[in-house]
$ cat run_3.txt   # compact mmCIF, C-alpha atoms
# COMPACT_ATOMS: atom_id res chain seq x y z
CA MET C 37 27.76 111.11 -4.92
CA ILE C 38 29.18 107.61 -5.00
CA ASN C 39 27.51 105.29 -2.60
CA LEU C 40 29.25 102.50 -0.71
CA ASP C 41 28.39 99.80 -3.20
CA GLN C 42 29.72 101.79 -6.13
CA PHE C 43 32.88 102.66 -4.20
CA THR C 44 33.40 98.99 -3.34
CA LEU C 45 32.94 97.99 -7.01
CA ILE C 46 35.49 100.56 -8.15
CA VAL C 47 38.01 99.33 -5.58
CA LEU C 48 37.45 95.72 -6.68
CA ILE C 49 37.96 96.73 -10.29
CA PHE C 50 41.26 98.43 -9.49
CA ILE C 51 42.35 95.38 -7.51
CA ILE C 52 41.15 92.73 -9.96
CA ALA C 53 42.13 94.49 -13.22
CA PRO C 54 45.92 94.06 -12.72
CA ILE C 55 45.38 90.43 -11.76
CA VAL C 56 43.25 89.79 -14.86
CA GLY C 57 45.84 91.60 -16.98
CA ALA C 58 48.63 89.50 -15.53
CA ILE C 59 46.70 86.31 -16.20
CA ALA C 60 45.98 87.43 -19.76
CA LEU C 61 49.67 88.15 -20.31
CA LEU C 62 50.57 84.72 -18.95
CA ILE C 63 48.05 83.10 -21.30
CA LEU C 64 49.39 85.06 -24.26
CA PHE C 65 52.94 84.16 -23.29
CA PHE C 66 51.97 80.48 -23.05
CA PHE C 67 50.27 80.48 -26.47
CA GLU C 68 53.21 82.36 -27.99
CA LYS C 69 55.59 79.68 -26.69
CA GLN C 70 53.32 76.95 -28.04
CA LEU C 71 53.19 78.71 -31.41
CA ASP C 72 57.01 78.97 -31.48
CA LEU C 73 57.24 75.26 -30.61
CA LEU C 74 54.78 74.40 -33.38
CA ARG C 75 56.78 76.46 -35.87
CA MET C 76 59.97 74.71 -34.78
CA GLN C 77 58.38 71.25 -35.13
CA THR C 78 57.02 72.15 -38.56
CA ARG C 79 60.47 73.33 -39.62
CA GLN C 80 62.03 70.12 -38.33
CA ILE C 81 59.53 68.06 -40.32
CA GLU C 82 60.31 70.06 -43.46
CA LEU C 83 64.04 69.62 -42.91
CA GLU C 84 63.57 65.88 -42.37
CA LYS C 85 61.61 65.63 -45.62
CA GLU C 86 64.33 67.50 -47.48
CA PHE C 87 66.97 65.28 -45.93
CA GLN C 88 65.10 62.12 -46.91
CA LYS C 89 64.64 63.48 -50.43
CA SER C 90 68.32 64.32 -50.83
CA LEU C 91 69.30 60.95 -49.33
CA TYR C 92 67.06 59.14 -51.79
CA VAL C 93 68.52 61.03 -54.75
CA GLN C 94 72.03 60.22 -53.54
CA LEU C 95 71.19 56.52 -53.17
CA SER C 96 69.52 56.39 -56.58
CA GLN C 97 72.65 57.79 -58.19
CA GLN C 98 74.75 54.93 -56.82
CA ILE C 99 73.58 52.50 -59.53
CA GLN C 100 76.72 50.68 -60.64
CA PRO C 101 78.15 51.42 -64.13
CA HIS C 102 79.32 47.79 -64.43
CA PHE C 103 76.54 46.90 -66.87
CA MET C 104 77.28 49.93 -69.06
CA PHE C 105 80.86 48.84 -69.73
CA ASN C 106 79.89 45.22 -70.35
CA THR C 107 77.17 46.25 -72.80
CA LEU C 108 79.54 48.45 -74.78
CA ASN C 109 82.01 45.57 -74.92
CA VAL C 110 79.28 43.25 -76.26
CA ILE C 111 78.30 45.76 -78.94
CA LEU C 112 81.96 46.26 -79.87
CA SER C 113 82.47 42.49 -80.17
CA LEU C 114 79.38 42.14 -82.38
CA ALA C 115 80.63 44.99 -84.57
CA ARG C 116 84.03 43.34 -84.99
CA LEU C 117 82.28 40.14 -86.07
CA ARG C 118 80.23 42.22 -88.57
CA ARG C 119 76.96 40.97 -87.08
CA THR C 120 75.18 44.15 -88.14
CA GLU C 121 71.60 43.14 -87.27
CA GLN C 122 72.57 42.18 -83.73
CA VAL C 123 74.54 45.40 -83.32
CA VAL C 124 71.49 47.45 -84.34
CA GLY C 125 69.26 45.39 -82.02
CA ALA C 126 71.65 45.79 -79.10
CA LEU C 127 71.89 49.55 -79.64
CA GLU C 128 68.09 49.87 -79.75
CA VAL C 129 67.66 47.98 -76.50
CA PHE C 130 70.54 49.86 -74.87
CA SER C 131 69.01 53.20 -75.86
CA LYS C 132 65.69 52.18 -74.24
CA PHE C 133 67.58 51.16 -71.13
CA LEU C 134 69.38 54.52 -70.92
CA LYS C 135 66.23 56.49 -71.71
CA PHE C 136 64.41 54.97 -68.75
CA LYS C 137 67.40 55.23 -66.43
CA TYR C 138 68.07 58.93 -67.00
CA ASN C 139 64.48 60.08 -67.52
CA THR C 140 63.15 58.47 -64.34
CA ASP C 141 63.03 60.99 -61.51
CA GLU C 142 59.93 59.70 -59.76
CA PRO C 143 60.57 58.40 -56.23
CA MET C 144 58.23 55.46 -56.87
CA ILE C 145 57.07 53.66 -60.01
CA ARG C 146 54.74 50.77 -60.78
CA LEU C 147 56.32 47.33 -60.56
CA GLU C 148 55.16 46.72 -64.13
CA GLU C 149 57.45 49.53 -65.32
CA GLU C 150 60.37 48.15 -63.30
CA ILE C 151 59.86 44.71 -64.88
CA ARG C 152 59.74 46.21 -68.38
CA TYR C 153 62.91 48.21 -67.72
CA THR C 154 64.70 45.14 -66.35
CA GLY C 155 63.63 43.32 -69.53
CA HIS C 156 65.87 45.65 -71.58
CA TYR C 157 68.78 44.66 -69.37
CA LEU C 158 68.00 40.95 -69.79
CA GLU C 159 67.76 41.28 -73.58
CA ILE C 160 71.33 42.49 -73.67
CA GLN C 161 72.45 39.73 -71.33
CA HIS C 162 70.89 37.23 -73.74
CA LEU C 163 73.16 38.65 -76.44
CA ARG C 164 76.16 38.16 -74.17
CA PHE C 165 75.39 34.66 -72.92
CA GLY C 166 73.47 33.27 -75.89
CA GLU C 167 72.06 29.79 -75.32
CA ARG C 168 73.99 29.50 -72.05
CA LEU C 169 71.39 31.68 -70.31
CA ARG C 170 68.03 30.31 -69.16
CA LEU C 171 65.53 32.78 -67.71
CA VAL C 172 62.49 31.78 -65.62
CA THR C 173 59.91 34.40 -64.59
CA ASP C 174 56.75 34.21 -62.52
CA TYR C 175 54.89 37.50 -62.08
CA ASP C 176 51.58 37.59 -60.23
CA GLU C 177 49.21 39.95 -62.08
CA ASN C 178 47.96 41.16 -58.69
CA VAL C 179 51.27 42.88 -57.94
CA LEU C 180 51.96 44.63 -61.25
CA ASN C 181 50.31 47.84 -59.99
CA ALA C 182 52.27 47.83 -56.74
CA PHE C 183 54.62 50.78 -56.27
CA ILE C 184 58.34 50.33 -55.76
CA PRO C 185 61.39 52.61 -55.80
CA PRO C 186 62.96 52.46 -59.30
CA PHE C 187 65.95 50.22 -60.07
CA VAL C 188 65.28 47.75 -57.23
CA LEU C 189 64.64 44.69 -59.41
CA GLN C 190 67.13 45.77 -62.07
CA THR C 191 69.90 46.27 -59.51
CA ILE C 192 69.28 42.87 -57.90
CA VAL C 193 69.33 41.18 -61.32
CA GLU C 194 72.48 43.07 -62.33
CA ASN C 195 74.01 42.03 -59.03
CA ALA C 196 73.18 38.36 -59.73
CA PHE C 197 74.99 38.52 -63.06
CA LYS C 198 78.00 40.40 -61.73
CA HIS C 199 78.67 38.28 -58.63
CA GLY C 200 77.12 34.96 -59.55
CA LEU C 201 76.56 34.20 -63.23
CA GLU C 202 79.43 35.93 -65.03
CA PRO C 203 82.19 34.02 -63.16
CA LYS C 204 80.40 30.68 -63.72
CA MET C 205 81.36 28.33 -66.53
CA GLY C 206 78.70 26.47 -68.52
CA PRO C 207 74.91 27.01 -68.44
CA VAL C 208 73.55 29.71 -66.16
CA GLU C 209 70.01 30.20 -64.89
CA LEU C 210 68.13 33.12 -63.37
CA THR C 211 64.69 32.89 -61.77
CA ILE C 212 62.57 35.95 -60.92
CA ARG C 213 59.36 35.59 -58.92
CA CYS C 214 57.08 38.35 -57.73
CA LEU C 215 54.00 37.38 -55.75
CA ARG C 216 51.56 38.91 -53.31
CA ASN C 217 51.10 37.59 -49.79
CA GLN C 218 48.14 39.40 -48.20
CA LYS C 219 49.32 43.02 -47.83
CA GLN C 220 52.96 42.35 -48.77
CA VAL C 221 54.72 42.06 -52.13
CA LEU C 222 57.36 39.32 -52.21
CA LEU C 223 60.16 39.56 -54.79
CA THR C 224 62.61 36.67 -55.12
CA VAL C 225 65.63 36.49 -57.44
CA ILE C 226 67.51 33.18 -57.61
CA ASP C 227 70.70 32.45 -59.56
CA ASN C 228 72.76 29.28 -59.97
CA GLY C 229 76.02 31.18 -59.97
CA VAL C 230 79.25 30.66 -58.08
CA GLY C 231 77.57 31.21 -54.72
CA LEU C 232 78.37 33.32 -51.67
CA THR C 233 81.62 33.69 -49.79
CA PRO C 234 81.52 32.40 -46.19
CA THR C 235 80.99 35.59 -44.21
CA SER C 236 78.23 37.27 -42.23
CA SER C 237 74.98 38.22 -43.95
CA ASP C 238 75.47 41.97 -43.38
CA GLU C 239 78.98 41.91 -44.83
CA VAL C 240 77.78 40.03 -47.91
CA ILE C 241 74.93 42.49 -48.41
CA GLN C 242 77.37 45.39 -48.15
CA GLY C 243 79.80 43.72 -50.55
CA HIS C 244 77.08 42.98 -53.08
CA GLY C 245 75.71 46.53 -53.03
CA LEU C 246 72.28 45.49 -51.72
CA GLU C 247 72.45 47.88 -48.77
CA ASN C 248 71.51 50.64 -51.21
CA ILE C 249 68.20 48.90 -51.92
CA ARG C 250 67.54 48.27 -48.24
CA LYS C 251 68.03 51.96 -47.41
CA ARG C 252 65.77 53.16 -50.23
CA LEU C 253 63.00 50.76 -49.22
CA HIS C 254 63.36 51.87 -45.61
CA ILE C 255 62.90 55.53 -46.58
CA PHE C 256 59.36 54.76 -47.81
CA PHE C 257 58.26 51.70 -45.88
CA GLY C 258 60.33 51.67 -42.71
CA GLU C 259 60.34 48.41 -40.77
CA GLU C 260 57.60 47.00 -43.00
CA SER C 261 60.19 46.30 -45.70
CA SER C 262 62.96 43.72 -45.63
CA LEU C 263 65.81 42.37 -47.74
CA ARG C 264 67.52 39.03 -47.20
CA LEU C 265 70.43 37.42 -49.05
CA SER C 266 71.10 33.71 -48.60
CA ALA C 267 72.88 30.82 -50.26
CA GLY C 268 70.84 28.56 -52.53
CA PRO C 269 70.35 24.91 -51.51
CA GLN C 270 72.36 23.77 -54.55
CA GLY C 271 74.71 26.72 -54.82
CA GLY C 272 74.10 30.18 -56.19
CA ALA C 273 72.33 32.91 -54.24
CA ILE C 274 68.80 33.94 -53.30
CA VAL C 275 67.68 37.53 -52.72
CA GLU C 276 64.27 38.00 -51.07
CA VAL C 277 62.67 41.43 -50.81
CA SER C 278 59.31 42.31 -49.28
CA TRP C 279 57.46 45.58 -48.91
CA PRO C 280 53.82 46.67 -48.40
CA TYR C 281 51.49 46.59 -51.38
CA THR C 282 51.15 50.33 -51.91
CA GLN C 283 48.33 51.89 -53.87
CA GLU C 284 48.51 55.26 -55.61
CA GLU C 285 46.34 56.98 -53.00
CA ILE C 286 48.75 55.94 -50.24
CA LEU C 287 51.75 57.05 -52.31
CA LYS C 288 50.33 60.56 -52.70
CA ALA C 289 50.10 60.84 -48.95
CA HIS C 290 53.91 60.75 -48.78

$ encode --input "run_3.txt" --output "structure tokens"
Amino acid sequence: MINLDQFTLIVLIFIIAPIVGAIALLILFFFEKQLDLLRMQTRQIELEKEFQKSLYVQLSQQIQPHFMFNTLNVILSLARLRRTEQVVGALEVFSKFLKFKYNTDEPMIRLEEEIRYTGHYLEIQHLRFGERLRLVTDYDENVLNAFIPPFVLQTIVENAFKHGLEPKMGPVELTIRCLRNQKQVLLTVIDNGVGLTPTSSDEVIQGHGLENIRKRLHIFFGEESSLRLSAGPQGGAIVEVSWPYTQEEILKAH
């Protein structure tokens, strides 16, 4: 027979069991909701990454074709003058320029590569301007391994020629400096061109196509990057860009 203690235990079990079951169901329901929330957050992060990737590709494809047409015109002019050696040299440099432009699909490259690529552009500009063009460069060896989105320097230099140096009569000068200030890389491009139109800074940046660069830098570095366009003290324009000195290990984390 069942004694009183056993009977009491059985009653308690029948009373407590539904309560325990209800609590267990509530706990499972809570964890299931948390798991659904985690899945949703993970999906949102993946979608954000895809969006940033597609945005970057779109921005990278907005490189202006202005230089392409000018280069072809230079080569055509040299051909008409029967300057065969210069035509061959221009075509070689132009092919290197195009090879880098259309074979570069990395989101970030070393600054050293960007400088070398921009050098192809400047070689062709030397053919166009001849002795009128004076180029001054100052590259700190400590920043050559810094990572940067491709076409930043080249686009700024192309922009300086298009808006500043090409409309100017007489000698033209372009200065490129790239230095390191603690954890930041500082890139400065100065031209002695025709200068800026009197309007707000944001409107000038939009009109000169520099907003593209600002957006691409912001994708990787956020508020730690900056771009500023200002008038030179003696005319011309100054573009100053800064971004964090990024090592390869940090880049892989993105």

$ residues_around --input "run_3.txt" --residues "segment 107-124 of chain C" --least-positions-apart "2" --cutoff "12 Å" --atoms "only C-alpha atoms" --output "PDB file with C-alpha atoms, in the coordinates of the input"
ATOM      1  CA  PRO C 101      78.150  51.420 -64.130  1.00  0.00           C
ATOM      2  CA  HIS C 102      79.320  47.790 -64.430  1.00  0.00           C
ATOM      3  CA  PHE C 103      76.540  46.900 -66.870  1.00  0.00           C
ATOM      4  CA  MET C 104      77.280  49.930 -69.060  1.00  0.00           C
ATOM      5  CA  PHE C 105      80.860  48.840 -69.730  1.00  0.00           C
ATOM      6  CA  ALA C 126      71.650  45.790 -79.100  1.00  0.00           C
ATOM      7  CA  LEU C 127      71.890  49.550 -79.640  1.00  0.00           C
ATOM      8  CA  GLU C 128      68.090  49.870 -79.750  1.00  0.00           C
ATOM      9  CA  VAL C 129      67.660  47.980 -76.500  1.00  0.00           C
ATOM     10  CA  PHE C 130      70.540  49.860 -74.870  1.00  0.00           C
ATOM     11  CA  SER C 131      69.010  53.200 -75.860  1.00  0.00           C
ATOM     12  CA  PHE C 133      67.580  51.160 -71.130  1.00  0.00           C
ATOM     13  CA  LEU C 134      69.380  54.520 -70.920  1.00  0.00           C
ATOM     14  CA  HIS C 156      65.870  45.650 -71.580  1.00  0.00           C
ATOM     15  CA  TYR C 157      68.780  44.660 -69.370  1.00  0.00           C
ATOM     16  CA  LEU C 158      68.000  40.950 -69.790  1.00  0.00           C
ATOM     17  CA  GLU C 159      67.760  41.280 -73.580  1.00  0.00           C
ATOM     18  CA  ILE C 160      71.330  42.490 -73.670  1.00  0.00           C
ATOM     19  CA  GLN C 161      72.450  39.730 -71.330  1.00  0.00           C
ATOM     20  CA  HIS C 162      70.890  37.230 -73.740  1.00  0.00           C
ATOM     21  CA  LEU C 163      73.160  38.650 -76.440  1.00  0.00           C
ATOM     22  CA  ARG C 164      76.160  38.160 -74.170  1.00  0.00           C
ATOM     23  CA  PHE C 165      75.390  34.660 -72.920  1.00  0.00           C
ATOM     24  CA  GLY C 166      73.470  33.270 -75.890  1.00  0.00           C
ATOM     25  CA  GLU C 194      72.480  43.070 -62.330  1.00  0.00           C
TER      26      GLU C 194
END

$ residues_around --input "run_3.txt" --residues "segment 140-149 of chain C" --least-positions-apart "2" --cutoff "7 Å" --atoms "all atoms listed in the file" --output "short mmCIF file (atom, residue, chain, number, x, y, z; two decimals) with C-alpha atoms, in the frame of the given file"
data_model
loop_
_atom_site.label_atom_id
_atom_site.label_comp_id
_atom_site.auth_asym_id
_atom_site.auth_seq_id
_atom_site.Cartn_x
_atom_site.Cartn_y
_atom_site.Cartn_z
CA PHE C 136 64.41 54.97 -68.75
CA LYS C 137 67.40 55.23 -66.43
CA TYR C 138 68.07 58.93 -67.00
CA ILE C 151 59.86 44.71 -64.88
CA ARG C 152 59.74 46.21 -68.38
CA TYR C 153 62.91 48.21 -67.72
CA LEU C 180 51.96 44.63 -61.25
CA ASN C 181 50.31 47.84 -59.99
CA ALA C 182 52.27 47.83 -56.74
CA PHE C 183 54.62 50.78 -56.27
CA ILE C 184 58.34 50.33 -55.76
CA PRO C 185 61.39 52.61 -55.80
CA PRO C 186 62.96 52.46 -59.30
#

$ atom_distance --input "run_3.txt" --atom1 "atom CA of Gly268 of chain C" --atom2 "atom CA of Ile255 of chain C"
28.7 Å

$ closest_residue --input "run_3.txt" --among "C:Ser266, C:Glu260, C:Glu247, C:Gly271" --to "Val230 of chain C" --atoms "only C-alpha atoms"
C:Gly271

$ atom_distance --input "run_3.txt" --atom1 "atom CA of Asn228 of chain C" --atom2 "atom CA of His254 of chain C"
28.4 Å

$ residues_around --input "run_3.txt" --residues "Gly200 of chain C" --least-positions-apart "2" --cutoff "8 Å" --atoms "all atoms listed in the file" --output "JSON, numbers by chain"
{"C": [195, 196, 197, 198, 202, 203, 204, 227, 228, 229, 230, 231, 272, 273]}

$ atom_distance --input "run_3.txt" --atom1 "atom CA of Thr233 of chain C" --atom2 "atom CA of His199 of chain C"
10.4 Å

$ closest_residue --input "run_3.txt" --among "C:Gln190, C:Thr211, C:Ser278, C:Asn106" --to "Arg264 of chain C" --atoms "all atoms listed in the file"
C:Ser278

$ closest_residue --input "run_3.txt" --among "C:Leu246, C:Val188, C:Val277, C:Leu265" --to "Gln220 of chain C" --atoms "all atoms listed in the file"
C:Val277

$ axis_aligned_box --input "run_3.txt" --around "segment 188-196 of chain C" --padding-each-side "8 Å" --output "lines of an AutoDock Vina configuration file"
center_x = 69.3
center_y = 43.1
center_z = -59.8
size_x = 25.4
size_y = 25.4
size_z = 21.1

$ closest_residue --input "run_3.txt" --among "C:Glu209, C:Asn217, C:Lys251, C:Ile63" --to "Tyr281 of chain C" --atoms "only C-alpha atoms"
C:Asn217

$ closest_residue --input "run_3.txt" --among "C:Val179, C:Leu169, C:Val208, C:Val193" --to "Gly155 of chain C" --atoms "only C-alpha atoms"
C:Val193

$ closest_residue --input "run_3.txt" --among "C:Thr191, C:Thr173, C:Gln218, C:Thr224" --to "Ile249 of chain C" --atoms "all atoms listed in the file"
C:Thr191

$ residues_around --input "run_3.txt" --residues "Ser261 of chain C" --least-positions-apart "2" --cutoff "7 Å" --atoms "all atoms listed in the file" --output "tab-separated table (two decimals) with C-alpha atoms, in the frame of the given file"
chain	number	residue	atom	x	y	z
C	253	LEU	CA	63.00	50.76	-49.22
C	254	HIS	CA	63.36	51.87	-45.61
C	257	PHE	CA	58.26	51.70	-45.88
C	258	GLY	CA	60.33	51.67	-42.71
C	259	GLU	CA	60.34	48.41	-40.77
C	278	SER	CA	59.31	42.31	-49.28
C	279	TRP	CA	57.46	45.58	-48.91
C	280	PRO	CA	53.82	46.67	-48.40
